[in-house]
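J.: Sharing query_19.cif here; it has mmCIF, N, CA and C atoms.
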data_input
#
loop_
_atom_site.label_atom_id
_atom_site.label_comp_id
_atom_site.auth_asym_id
_atom_site.auth_seq_id
_atom_site.Cartn_x
_atom_site.Cartn_y
_atom_site.Cartn_z
N MET A 1 48.95 94.94 -60.99
CA MET A 1 48.05 95.23 -59.91
C MET A 1 46.93 94.18 -59.83
N ARG A 2 46.49 93.68 -60.98
CA ARG A 2 45.42 92.67 -60.98
C ARG A 2 45.87 91.34 -60.40
N THR A 3 47.14 91.03 -60.48
CA THR A 3 47.62 89.74 -59.97
C THR A 3 47.68 89.69 -58.45
N GLU A 4 47.60 90.83 -57.80
CA GLU A 4 47.69 90.87 -56.34
C GLU A 4 46.32 91.01 -55.68
N ARG A 5 45.25 90.82 -56.42
CA ARG A 5 43.91 90.92 -55.83
C ARG A 5 43.69 89.81 -54.82
N GLY A 6 43.21 90.16 -53.66
CA GLY A 6 42.89 89.18 -52.63
C GLY A 6 44.06 88.81 -51.73
N SER A 7 45.24 89.30 -52.00
CA SER A 7 46.38 88.92 -51.16
C SER A 7 46.24 89.50 -49.75
N ALA A 8 45.65 90.67 -49.62
CA ALA A 8 45.43 91.26 -48.29
C ALA A 8 44.41 90.42 -47.52
N THR A 9 43.40 89.92 -48.22
CA THR A 9 42.39 89.08 -47.58
C THR A 9 43.02 87.80 -47.05
N LEU A 10 43.86 87.17 -47.84
CA LEU A 10 44.54 85.96 -47.39
C LEU A 10 45.47 86.24 -46.22
N PHE A 11 46.15 87.37 -46.25
CA PHE A 11 47.04 87.74 -45.16
C PHE A 11 46.24 87.93 -43.86
N VAL A 12 45.13 88.64 -43.93
CA VAL A 12 44.30 88.90 -42.74
C VAL A 12 43.68 87.59 -42.25
N LEU A 13 43.26 86.73 -43.17
CA LEU A 13 42.70 85.44 -42.77
C LEU A 13 43.76 84.59 -42.03
N GLY A 14 44.97 84.56 -42.57
CA GLY A 14 46.05 83.83 -41.90
C GLY A 14 46.38 84.42 -40.54
N LEU A 15 46.36 85.73 -40.45
CA LEU A 15 46.61 86.40 -39.17
C LEU A 15 45.51 86.06 -38.15
N CYS A 16 44.27 86.04 -38.60
CA CYS A 16 43.16 85.70 -37.69
C CYS A 16 43.26 84.26 -37.20
N LEU A 17 43.61 83.34 -38.08
CA LEU A 17 43.77 81.95 -37.67
C LEU A 17 44.92 81.80 -36.68
N SER A 18 46.00 82.52 -36.92
CA SER A 18 47.14 82.47 -36.00
C SER A 18 46.76 83.02 -34.63
N LEU A 19 46.02 84.12 -34.60
CA LEU A 19 45.58 84.69 -33.33
C LEU A 19 44.61 83.76 -32.60
N LEU A 20 43.76 83.08 -33.36
CA LEU A 20 42.82 82.13 -32.77
C LEU A 20 43.59 80.96 -32.14
N PHE A 21 44.62 80.49 -32.82
CA PHE A 21 45.43 79.40 -32.30
C PHE A 21 46.16 79.82 -31.02
N VAL A 22 46.80 80.97 -31.04
CA VAL A 22 47.52 81.46 -29.85
C VAL A 22 46.54 81.73 -28.71
N GLY A 23 45.37 82.28 -29.03
CA GLY A 23 44.35 82.49 -28.00
C GLY A 23 43.87 81.18 -27.41
N GLY A 24 43.74 80.16 -28.24
CA GLY A 24 43.33 78.84 -27.76
C GLY A 24 44.35 78.26 -26.79
N ILE A 25 45.62 78.44 -27.12
CA ILE A 25 46.67 77.97 -26.20
C ILE A 25 46.55 78.70 -24.86
N GLY A 26 46.36 80.00 -24.91
CA GLY A 26 46.24 80.78 -23.68
C GLY A 26 45.03 80.39 -22.85
N ILE A 27 43.89 80.24 -23.49
CA ILE A 27 42.67 79.89 -22.76
C ILE A 27 42.77 78.50 -22.16
N ASP A 28 43.21 77.52 -22.95
CA ASP A 28 43.30 76.16 -22.44
C ASP A 28 44.37 76.03 -21.37
N LEU A 29 45.46 76.74 -21.51
CA LEU A 29 46.50 76.70 -20.50
C LEU A 29 45.99 77.25 -19.16
N TRP A 30 45.25 78.34 -19.20
CA TRP A 30 44.71 78.89 -17.96
C TRP A 30 43.65 77.99 -17.35
N ARG A 31 42.88 77.28 -18.20
CA ARG A 31 41.91 76.32 -17.66
C ARG A 31 42.63 75.19 -16.94
N VAL A 32 43.73 74.70 -17.51
CA VAL A 32 44.51 73.64 -16.87
C VAL A 32 45.07 74.13 -15.54
N ILE A 33 45.58 75.34 -15.51
CA ILE A 33 46.13 75.90 -14.27
C ILE A 33 45.04 76.04 -13.21
N ALA A 34 43.85 76.48 -13.61
CA ALA A 34 42.74 76.64 -12.65
C ALA A 34 42.29 75.29 -12.10
N VAL A 35 42.16 74.30 -12.97
CA VAL A 35 41.75 72.97 -12.50
C VAL A 35 42.84 72.37 -11.62
N ARG A 36 44.08 72.59 -11.97
CA ARG A 36 45.20 72.07 -11.16
C ARG A 36 45.15 72.66 -9.75
N ARG A 37 44.89 73.96 -9.66
CA ARG A 37 44.78 74.60 -8.34
C ARG A 37 43.64 74.00 -7.53
N GLU A 38 42.49 73.80 -8.17
CA GLU A 38 41.34 73.24 -7.47
C GLU A 38 41.60 71.81 -7.01
N VAL A 39 42.24 71.01 -7.87
CA VAL A 39 42.52 69.62 -7.53
C VAL A 39 43.51 69.55 -6.37
N PHE A 40 44.54 70.38 -6.37
CA PHE A 40 45.50 70.39 -5.27
C PHE A 40 44.83 70.84 -3.97
N ALA A 41 43.99 71.86 -4.04
CA ALA A 41 43.30 72.33 -2.83
C ALA A 41 42.36 71.25 -2.29
N LEU A 42 41.66 70.56 -3.18
CA LEU A 42 40.75 69.49 -2.75
C LEU A 42 41.52 68.35 -2.11
N ALA A 43 42.61 67.92 -2.73
CA ALA A 43 43.41 66.82 -2.17
C ALA A 43 43.94 67.20 -0.80
N ASP A 44 44.40 68.42 -0.65
CA ASP A 44 44.92 68.87 0.64
C ASP A 44 43.82 68.91 1.70
N ALA A 45 42.65 69.42 1.34
CA ALA A 45 41.54 69.50 2.30
C ALA A 45 41.06 68.11 2.71
N VAL A 46 40.97 67.20 1.77
CA VAL A 46 40.52 65.84 2.09
C VAL A 46 41.56 65.14 2.97
N ALA A 47 42.83 65.28 2.66
CA ALA A 47 43.87 64.64 3.47
C ALA A 47 43.88 65.20 4.89
N THR A 48 43.75 66.49 5.01
CA THR A 48 43.74 67.12 6.34
C THR A 48 42.54 66.64 7.15
N SER A 49 41.40 66.56 6.52
CA SER A 49 40.20 66.10 7.21
C SER A 49 40.31 64.62 7.59
N ALA A 50 40.82 63.82 6.66
CA ALA A 50 40.92 62.38 6.91
C ALA A 50 41.96 62.05 7.97
N ALA A 51 42.93 62.92 8.19
CA ALA A 51 43.97 62.68 9.20
C ALA A 51 43.40 62.70 10.61
N ASN A 52 42.15 63.09 10.76
CA ASN A 52 41.50 63.06 12.07
C ASN A 52 40.94 61.68 12.40
N GLY A 53 41.12 60.71 11.50
CA GLY A 53 40.60 59.37 11.71
C GLY A 53 41.48 58.53 12.61
N VAL A 54 41.70 58.99 13.80
CA VAL A 54 42.55 58.30 14.77
C VAL A 54 41.73 57.22 15.47
N ASP A 55 42.37 56.08 15.72
CA ASP A 55 41.73 54.99 16.44
C ASP A 55 41.57 55.40 17.91
N PRO A 56 40.32 55.51 18.41
CA PRO A 56 40.12 56.01 19.78
C PRO A 56 40.68 55.08 20.85
N ASP A 57 40.62 53.77 20.63
CA ASP A 57 41.15 52.84 21.64
C ASP A 57 42.66 52.97 21.77
N ALA A 58 43.35 53.09 20.64
CA ALA A 58 44.80 53.26 20.68
C ALA A 58 45.16 54.61 21.29
N LEU A 59 44.33 55.62 21.02
CA LEU A 59 44.60 56.94 21.59
C LEU A 59 44.47 56.93 23.11
N ARG A 60 43.48 56.19 23.62
CA ARG A 60 43.33 56.07 25.08
C ARG A 60 44.53 55.36 25.70
N ALA A 61 45.13 54.45 24.91
CA ALA A 61 46.31 53.72 25.40
C ALA A 61 47.58 54.56 25.29
N GLY A 62 47.48 55.72 24.64
CA GLY A 62 48.62 56.63 24.58
C GLY A 62 49.37 56.64 23.26
N THR A 63 48.88 55.95 22.26
CA THR A 63 49.53 55.97 20.95
C THR A 63 48.57 56.50 19.90
N VAL A 64 49.13 57.16 18.91
CA VAL A 64 48.34 57.73 17.83
C VAL A 64 48.46 56.81 16.63
N VAL A 65 47.35 56.13 16.30
CA VAL A 65 47.31 55.20 15.18
C VAL A 65 46.08 55.54 14.35
N LEU A 66 46.26 55.62 13.05
CA LEU A 66 45.13 55.90 12.16
C LEU A 66 44.31 54.63 11.93
N ASP A 67 43.01 54.79 11.95
CA ASP A 67 42.08 53.70 11.65
C ASP A 67 41.63 53.86 10.20
N GLY A 68 41.97 52.88 9.35
CA GLY A 68 41.69 52.97 7.91
C GLY A 68 40.23 53.22 7.59
N GLY A 69 39.33 52.56 8.32
CA GLY A 69 37.89 52.75 8.08
C GLY A 69 37.44 54.17 8.39
N ARG A 70 37.90 54.69 9.54
CA ARG A 70 37.55 56.07 9.91
C ARG A 70 38.15 57.07 8.94
N VAL A 71 39.38 56.79 8.49
CA VAL A 71 40.05 57.69 7.54
C VAL A 71 39.23 57.77 6.25
N ARG A 72 38.82 56.62 5.72
CA ARG A 72 38.05 56.61 4.46
C ARG A 72 36.68 57.25 4.65
N SER A 73 36.08 57.04 5.82
CA SER A 73 34.77 57.67 6.09
C SER A 73 34.89 59.19 6.15
N LEU A 74 35.91 59.67 6.84
CA LEU A 74 36.11 61.12 6.93
C LEU A 74 36.46 61.71 5.56
N ALA A 75 37.24 60.97 4.77
CA ALA A 75 37.57 61.45 3.42
C ALA A 75 36.32 61.53 2.56
N GLY A 76 35.45 60.53 2.66
CA GLY A 76 34.19 60.57 1.91
C GLY A 76 33.31 61.72 2.34
N ASP A 77 33.26 61.99 3.64
CA ASP A 77 32.49 63.13 4.14
C ASP A 77 33.04 64.44 3.60
N ALA A 78 34.37 64.57 3.58
CA ALA A 78 34.98 65.79 3.07
C ALA A 78 34.70 65.97 1.58
N LEU A 79 34.74 64.89 0.83
CA LEU A 79 34.43 64.98 -0.61
C LEU A 79 32.99 65.39 -0.84
N ARG A 80 32.07 64.85 -0.04
CA ARG A 80 30.67 65.25 -0.17
C ARG A 80 30.46 66.70 0.23
N ARG A 81 31.20 67.12 1.26
CA ARG A 81 31.08 68.50 1.73
C ARG A 81 31.52 69.48 0.65
N TYR A 82 32.58 69.13 -0.06
CA TYR A 82 33.06 70.01 -1.13
C TYR A 82 32.33 69.76 -2.44
N ASP A 83 31.49 68.70 -2.48
CA ASP A 83 30.67 68.39 -3.66
C ASP A 83 31.51 68.36 -4.94
N ALA A 84 32.66 67.71 -4.85
CA ALA A 84 33.57 67.71 -5.99
C ALA A 84 33.82 66.33 -6.55
N ALA A 85 33.44 65.29 -5.84
CA ALA A 85 33.80 63.95 -6.27
C ALA A 85 33.09 63.52 -7.54
N SER A 86 31.96 64.13 -7.84
CA SER A 86 31.18 63.69 -8.99
C SER A 86 31.89 63.96 -10.31
N GLY A 87 32.66 65.03 -10.41
CA GLY A 87 33.30 65.36 -11.67
C GLY A 87 34.73 64.88 -11.81
N LEU A 88 35.25 64.24 -10.77
CA LEU A 88 36.65 63.80 -10.80
C LEU A 88 36.79 62.44 -11.46
N ASP A 89 37.94 62.20 -12.03
CA ASP A 89 38.22 60.90 -12.63
C ASP A 89 38.54 59.84 -11.58
N ALA A 90 39.37 60.19 -10.61
CA ALA A 90 39.77 59.21 -9.60
C ALA A 90 40.13 59.91 -8.29
N VAL A 91 39.75 59.26 -7.19
CA VAL A 91 40.15 59.71 -5.86
C VAL A 91 40.60 58.46 -5.11
N GLU A 92 41.83 58.48 -4.63
CA GLU A 92 42.38 57.36 -3.87
C GLU A 92 42.78 57.85 -2.49
N VAL A 93 42.35 57.11 -1.47
CA VAL A 93 42.69 57.44 -0.09
C VAL A 93 43.35 56.21 0.53
N ASP A 94 44.57 56.37 1.02
CA ASP A 94 45.30 55.28 1.63
C ASP A 94 45.96 55.75 2.92
N VAL A 95 46.25 54.80 3.79
CA VAL A 95 47.04 55.07 4.99
C VAL A 95 48.37 54.36 4.81
N VAL A 96 49.45 55.15 4.75
CA VAL A 96 50.79 54.61 4.53
C VAL A 96 51.72 55.16 5.61
N ASP A 97 52.31 54.27 6.37
CA ASP A 97 53.28 54.63 7.41
C ASP A 97 52.76 55.71 8.35
N GLY A 98 51.54 55.56 8.79
CA GLY A 98 51.00 56.49 9.77
C GLY A 98 50.56 57.83 9.23
N GLU A 99 50.44 57.94 7.92
CA GLU A 99 49.94 59.20 7.35
C GLU A 99 48.92 58.90 6.26
N VAL A 100 48.04 59.86 6.05
CA VAL A 100 47.01 59.74 5.04
C VAL A 100 47.57 60.25 3.72
N VAL A 101 47.37 59.48 2.67
CA VAL A 101 47.80 59.87 1.33
C VAL A 101 46.56 59.92 0.45
N VAL A 102 46.28 61.09 -0.09
CA VAL A 102 45.13 61.29 -0.96
C VAL A 102 45.63 61.68 -2.34
N ALA A 103 45.18 60.94 -3.35
CA ALA A 103 45.53 61.24 -4.74
C ALA A 103 44.23 61.54 -5.49
N VAL A 104 44.20 62.68 -6.15
CA VAL A 104 43.02 63.11 -6.90
C VAL A 104 43.44 63.34 -8.34
N GLU A 105 42.63 62.85 -9.26
CA GLU A 105 42.94 63.00 -10.68
C GLU A 105 41.72 63.52 -11.43
N ASP A 106 41.97 64.44 -12.33
CA ASP A 106 40.92 65.00 -13.17
C ASP A 106 41.50 65.23 -14.55
N ARG A 107 40.66 65.46 -15.53
CA ARG A 107 41.17 65.78 -16.86
C ARG A 107 40.47 67.03 -17.38
N VAL A 108 41.20 67.74 -18.20
CA VAL A 108 40.72 69.01 -18.74
C VAL A 108 40.65 68.87 -20.26
N PRO A 109 39.44 68.86 -20.81
CA PRO A 109 39.34 68.78 -22.28
C PRO A 109 39.74 70.11 -22.91
N MET A 110 40.27 70.03 -24.09
CA MET A 110 40.65 71.25 -24.81
C MET A 110 39.39 71.91 -25.35
N SER A 111 39.32 73.21 -25.20
CA SER A 111 38.14 73.92 -25.70
C SER A 111 38.47 74.58 -27.03
N LEU A 112 39.00 75.76 -27.01
CA LEU A 112 39.28 76.51 -28.24
C LEU A 112 40.41 75.86 -29.03
N LEU A 113 41.39 75.34 -28.34
CA LEU A 113 42.51 74.68 -29.02
C LEU A 113 42.07 73.37 -29.68
N GLY A 114 40.96 72.82 -29.22
CA GLY A 114 40.43 71.59 -29.80
C GLY A 114 40.01 71.75 -31.26
N ILE A 115 39.84 72.97 -31.72
CA ILE A 115 39.52 73.22 -33.13
C ILE A 115 40.70 72.82 -34.00
N PHE A 116 41.91 73.07 -33.53
CA PHE A 116 43.11 72.82 -34.31
C PHE A 116 43.75 71.47 -34.01
N VAL A 117 43.68 71.03 -32.76
CA VAL A 117 44.39 69.83 -32.34
C VAL A 117 43.39 68.84 -31.76
N ARG A 118 43.34 67.66 -32.33
CA ARG A 118 42.52 66.59 -31.77
C ARG A 118 43.41 65.72 -30.90
N GLY A 119 42.92 65.34 -29.78
CA GLY A 119 43.74 64.52 -28.90
C GLY A 119 43.09 64.30 -27.56
N GLU A 120 43.81 63.66 -26.72
CA GLU A 120 43.34 63.34 -25.38
C GLU A 120 43.29 64.60 -24.52
N PRO A 121 42.37 64.64 -23.57
CA PRO A 121 42.37 65.75 -22.61
C PRO A 121 43.64 65.73 -21.77
N ILE A 122 43.96 66.84 -21.19
CA ILE A 122 45.14 66.96 -20.34
C ILE A 122 44.79 66.45 -18.95
N ARG A 123 45.58 65.53 -18.43
CA ARG A 123 45.34 64.95 -17.11
C ARG A 123 46.06 65.77 -16.04
N VAL A 124 45.33 66.01 -14.94
CA VAL A 124 45.88 66.74 -13.81
C VAL A 124 45.77 65.83 -12.59
N ARG A 125 46.89 65.61 -11.90
CA ARG A 125 46.90 64.72 -10.73
C ARG A 125 47.58 65.44 -9.56
N ALA A 126 46.96 65.33 -8.40
CA ALA A 126 47.51 65.94 -7.19
C ALA A 126 47.56 64.90 -6.09
N THR A 127 48.61 64.94 -5.30
CA THR A 127 48.76 64.04 -4.16
C THR A 127 49.04 64.88 -2.92
N ALA A 128 48.33 64.56 -1.85
CA ALA A 128 48.52 65.29 -0.59
C ALA A 128 48.75 64.28 0.54
N HIS A 129 49.61 64.65 1.47
CA HIS A 129 49.95 63.81 2.63
C HIS A 129 49.58 64.59 3.88
N ALA A 130 49.02 63.88 4.86
CA ALA A 130 48.72 64.50 6.16
C ALA A 130 48.85 63.44 7.24
N ARG A 131 49.33 63.86 8.36
CA ARG A 131 49.43 62.94 9.50
C ARG A 131 48.84 63.63 10.71
N PRO A 132 48.28 62.83 11.64
CA PRO A 132 47.74 63.44 12.84
C PRO A 132 48.84 64.08 13.67
N GLU A 133 48.52 65.21 14.24
CA GLU A 133 49.50 65.93 15.04
C GLU A 133 49.45 65.44 16.47
N GLU A 134 50.61 65.12 16.99
CA GLU A 134 50.69 64.64 18.37
C GLU A 134 51.08 65.82 19.25
N ARG A 135 50.25 66.09 20.23
CA ARG A 135 50.55 67.19 21.17
C ARG A 135 50.81 66.60 22.54
N GLY A 136 51.81 67.12 23.14
CA GLY A 136 52.23 66.58 24.45
C GLY A 136 51.56 67.21 25.55
#
How does the structure come out when it is put into structure tokens?
T.:
Amino acid sequence: MRTERGSATLFVLGLCLSLLFVGGIGIDLWRVIAVRREVFALADAVATSAANGVDPDALRAGTVVLDGGRVRSLAGDALRRYDAASGLDAVEVDVVDGEVVVAVEDRVPMSLLGIFVRGEPIRVRATAHARPEERG
């Protein structure tokens, strides 16, 4: 009986560490999912807003052509409106083949799981496409 002293304490300590590790995975995973949702929503909103950057002279002539300067200006306005650009790693706005392409990147540092695992934060990247709608 004396040789088994403290074995219950070690078992409970190991169980607590295991639960902490599994809890850390759960918490950090949900943080990544939440940030991913926000980044996708932001990219979509910025692309939709920037797709209004149509060249007015070309529109008067009857064609719908995006003006790169107006697109970037509208994208910047949308980012300021959502007040999200300050915490993001990268935001790229391009006009490709008549549509706006917005790529947003952010990273999520590990919180509770960082106690057990040292490493790089998890990168989250979202890309959204939008084109101006032509109505007849």
J.: I need the residue nearest Met110 (chain A) from this list: A:Glu134, A:Ile122, A:Ala58, A:Ile25. Use all atoms listed in the file for the distance.
T.: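 The answer is A:Ile122, which sits nearest to Met110 (chain A).
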J.: Can you work out the spacing between atom N of Arg37 (chain A) and CA of Val101 (chain A) in Å, to one decimal?
T.: 18.1 Å
J.: What does the distance between atom N of Ala34 (chain A) and atom N of Pro109 (chain A) come to in Å, to one decimal place?
T.: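 Interatomic distance here is 11.4 Å.
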J.: Please provide the set of residues having any atom within 8 Å of Pro56 (chain A), restricted to only N, CA and C atoms, with same-chain residues fewer than 5 positions apart removed, written as a PyMOL selection string.
T.: chain A and resi 61-62+65-67
J.: List the spatial neighbours of Ala41 (chain A) as a VMD selection string - criterion: any atom at most 12 Å away, only C-alpha atoms, same-chain residues fewer than 5 positions off excluded.
T.: chain A and resid 34 to 36 46 to 48 79 82 84 102 to 104 125 to 128
J.: Would you export the selected residues with N, CA and C atoms as an mmCIF file, in the frame of the given file, please?
T.:
data_model
loop_
_atom_site.group_PDB
_atom_site.id
_atom_site.type_symbol
_atom_site.label_atom_id
_atom_site.label_comp_id
_atom_site.auth_asym_id
_atom_site.auth_seq_id
_atom_site.Cartn_x
_atom_site.Cartn_y
_atom_site.Cartn_z
ATOM 1 N N ALA A 34 43.850 76.480 -13.610
ATOM 2 C CA ALA A 34 42.740 76.640 -12.650
ATOM 3 C C ALA A 34 42.290 75.290 -12.100
ATOM 4 N N VAL A 35 42.160 74.300 -12.970
ATOM 5 C CA VAL A 35 41.750 72.970 -12.500
ATOM 6 C C VAL A 35 42.840 72.370 -11.620
ATOM 7 N N ARG A 36 44.080 72.590 -11.970
ATOM 8 C CA ARG A 36 45.200 72.070 -11.160
ATOM 9 C C ARG A 36 45.150 72.660 -9.750
ATOM 10 N N VAL A 46 40.970 67.200 1.770
ATOM 11 C CA VAL A 46 40.520 65.840 2.090
ATOM 12 C C VAL A 46 41.560 65.140 2.970
ATOM 13 N N ALA A 47 42.830 65.280 2.660
ATOM 14 C CA ALA A 47 43.870 64.640 3.470
ATOM 15 C C ALA A 47 43.880 65.200 4.890
ATOM 16 N N THR A 48 43.750 66.490 5.010
ATOM 17 C CA THR A 48 43.740 67.120 6.340
ATOM 18 C C THR A 48 42.540 66.640 7.150
ATOM 19 N N LEU A 79 34.740 64.890 0.830
ATOM 20 C CA LEU A 79 34.430 64.980 -0.610
ATOM 21 C C LEU A 79 32.990 65.390 -0.840
ATOM 22 N N TYR A 82 32.580 69.130 -0.060
ATOM 23 C CA TYR A 82 33.060 70.010 -1.130
ATOM 24 C C TYR A 82 32.330 69.760 -2.440
ATOM 25 N N ALA A 84 32.660 67.710 -4.850
ATOM 26 C CA ALA A 84 33.570 67.710 -5.990
ATOM 27 C C ALA A 84 33.820 66.330 -6.550
ATOM 28 N N VAL A 102 46.280 61.090 -0.090
ATOM 29 C CA VAL A 102 45.130 61.290 -0.960
ATOM 30 C C VAL A 102 45.630 61.680 -2.340
ATOM 31 N N ALA A 103 45.180 60.940 -3.350
ATOM 32 C CA ALA A 103 45.530 61.240 -4.740
ATOM 33 C C ALA A 103 44.230 61.540 -5.490
ATOM 34 N N VAL A 104 44.200 62.680 -6.150
ATOM 35 C CA VAL A 104 43.020 63.110 -6.900
ATOM 36 C C VAL A 104 43.440 63.340 -8.340
ATOM 37 N N ARG A 125 46.890 65.610 -11.900
ATOM 38 C CA ARG A 125 46.900 64.720 -10.730
ATOM 39 C C ARG A 125 47.580 65.440 -9.560
ATOM 40 N N ALA A 126 46.960 65.330 -8.400
ATOM 41 C CA ALA A 126 47.510 65.940 -7.190
ATOM 42 C C ALA A 126 47.560 64.900 -6.090
ATOM 43 N N THR A 127 48.610 64.940 -5.300
ATOM 44 C CA THR A 127 48.760 64.040 -4.160
ATOM 45 C C THR A 127 49.040 64.880 -2.920
ATOM 46 N N ALA A 128 48.330 64.560 -1.850
ATOM 47 C CA ALA A 128 48.520 65.290 -0.590
ATOM 48 C C ALA A 128 48.750 64.280 0.540
#
J.: If we count only C-alpha atoms, what is near Asp28 (chain A) at a cut-off of 9 Å, once residues fewer than 3 positions away on the same chain are taken out, given as number ranges by chain?
T.: A: 23-25, 31-33, 108-113
J.: DSSP on the backbone, then: every residue of region 44-97 of chain A marked strand (DSSP E), written as a list of chain:residue names.
T.: A:Ala90, A:Val91, A:Glu92, A:Val93, A:Asp94, A:Val95, A:Val96
J.: Limited to N, CA and C atoms, could you put the picked residues into a file as an mmCIF file, keeping the file's coordinate frame?
T.:
data_model
loop_
_atom_site.group_PDB
_atom_site.id
_atom_site.type_symbol
_atom_site.label_atom_id
_atom_site.label_comp_id
_atom_site.auth_asym_id
_atom_site.auth_seq_id
_atom_site.Cartn_x
_atom_site.Cartn_y
_atom_site.Cartn_z
ATOM 1 N N ALA A 90 39.370 60.190 -10.610
ATOM 2 C CA ALA A 90 39.770 59.210 -9.600
ATOM 3 C C ALA A 90 40.130 59.910 -8.290
ATOM 4 N N VAL A 91 39.750 59.260 -7.190
ATOM 5 C CA VAL A 91 40.150 59.710 -5.860
ATOM 6 C C VAL A 91 40.600 58.460 -5.110
ATOM 7 N N GLU A 92 41.830 58.480 -4.630
ATOM 8 C CA GLU A 92 42.380 57.360 -3.870
ATOM 9 C C GLU A 92 42.780 57.850 -2.490
ATOM 10 N N VAL A 93 42.350 57.110 -1.470
ATOM 11 C CA VAL A 93 42.690 57.440 -0.090
ATOM 12 C C VAL A 93 43.350 56.210 0.530
ATOM 13 N N ASP A 94 44.570 56.370 1.020
ATOM 14 C CA ASP A 94 45.300 55.280 1.630
ATOM 15 C C ASP A 94 45.960 55.750 2.920
ATOM 16 N N VAL A 95 46.250 54.800 3.790
ATOM 17 C CA VAL A 95 47.040 55.070 4.990
ATOM 18 C C VAL A 95 48.370 54.360 4.810
ATOM 19 N N VAL A 96 49.450 55.150 4.750
ATOM 20 C CA VAL A 96 50.790 54.610 4.530
ATOM 21 C C VAL A 96 51.720 55.160 5.610
#
J.: So, with only C-alpha atoms as the atoms that count, which of A:Ile27, A:Leu13, A:Val100, A:Leu88 lies closest to Gly53 (chain A)?
T.: A:Val100
J.: For Arg135 (chain A), which residue out of A:Ser49, A:Leu59, A:Leu10, A:Glu92 is the nearest one, using only C-alpha atoms?
T.: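 Closest to Arg135 (chain A), using only C-alpha atoms: A:Leu59.
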J.: Restricting the calculation to only C-alpha atoms: of A:Val71, A:Leu42, A:Leu29, A:Ile115, which residue gets closest to Asp55 (chain A)?
T.: A:Val71
J.: How big is the axis-aligned box around the listed atoms of region 7-25 of chain A once 5 Å is added on each side, and where is its centre? Give both in Å to one decimal, as lines of an AutoDock Vina configuration file.
T.:
center_x = 45.0
center_y = 84.6
center_z = -38.4
size_x = 15.1
size_y = 23.3
size_z = 37.1
J.: Rank A:Leu17, A:Ala130, A:Asp57, A:Val39 by their smallest atom-to-atom distance to Glu105 (chain A), using only N, CA and C atoms, and report the top residue only.
T.: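 Selected residue with least distance to Glu105 (chain A): A:Val39.
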J.: Of the candidates A:Leu20, A:Ser73, A:Asn52, A:Arg107, which one gets nearest to Gly87 (chain A) if we count only C-alpha atoms?
T.: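 Looking only at the distances to Gly87 (chain A), the closest residue turns out to be A:Arg107.
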J.: Given the file shown, enumerate the residues that the PyMOL selection byres (((chain A and resi 131 and name CA) around 7) and name CA) captures and present them as a JSON list (two decimals) with N, CA and C atoms, in the coordinates of the input.
T.:
[["chain", "number", "residue", "atom", "x", "y", "z"],
["A", 51, "ALA", "N", 42.93, 62.92, 8.19],
["A", 51, "ALA", "CA", 43.97, 62.68, 9.20],
["A", 51, "ALA", "C", 43.40, 62.70, 10.61],
["A", 98, "GLY", "N", 51.54, 55.56, 8.79],
["A", 98, "GLY", "CA", 51.00, 56.49, 9.77],
["A", 98, "GLY", "C", 50.56, 57.83, 9.23],
["A", 99, "GLU", "N", 50.44, 57.94, 7.92],
["A", 99, "GLU", "CA", 49.94, 59.20, 7.35],
["A", 99, "GLU", "C", 48.92, 58.90, 6.26],
["A", 100, "VAL", "N", 48.04, 59.86, 6.05],
["A", 100, "VAL", "CA", 47.01, 59.74, 5.04],
["A", 100, "VAL", "C", 47.57, 60.25, 3.72],
["A", 129, "HIS", "N", 49.61, 64.65, 1.47],
["A", 129, "HIS", "CA", 49.95, 63.81, 2.63],
["A", 129, "HIS", "C", 49.58, 64.59, 3.88],
["A", 130, "ALA", "N", 49.02, 63.88, 4.86],
["A", 130, "ALA", "CA", 48.72, 64.50, 6.16],
["A", 130, "ALA", "C", 48.85, 63.44, 7.24],
["A", 132, "PRO", "N", 48.28, 62.83, 11.64],
["A", 132, "PRO", "CA", 47.74, 63.44, 12.84],
["A", 132, "PRO", "C", 48.84, 64.08, 13.67],
["A", 133, "GLU", "N", 48.52, 65.21, 14.24],
["A", 133, "GLU", "CA", 49.50, 65.93, 15.04],
["A", 133, "GLU", "C", 49.45, 65.44, 16.47]]
J.: If I take CA of Val93 (chain A) and CA of Thr63 (chain A), how far is one from the other in Å, to one decimal?
T.: 22.2 Å
J.: Using DSSP on the backbone coordinates, identify the residues of chain A assigned to alpha helix (DSSP H); present them as a ChimeraX atom specification.
T.: /A:7-50,56-60,68-82
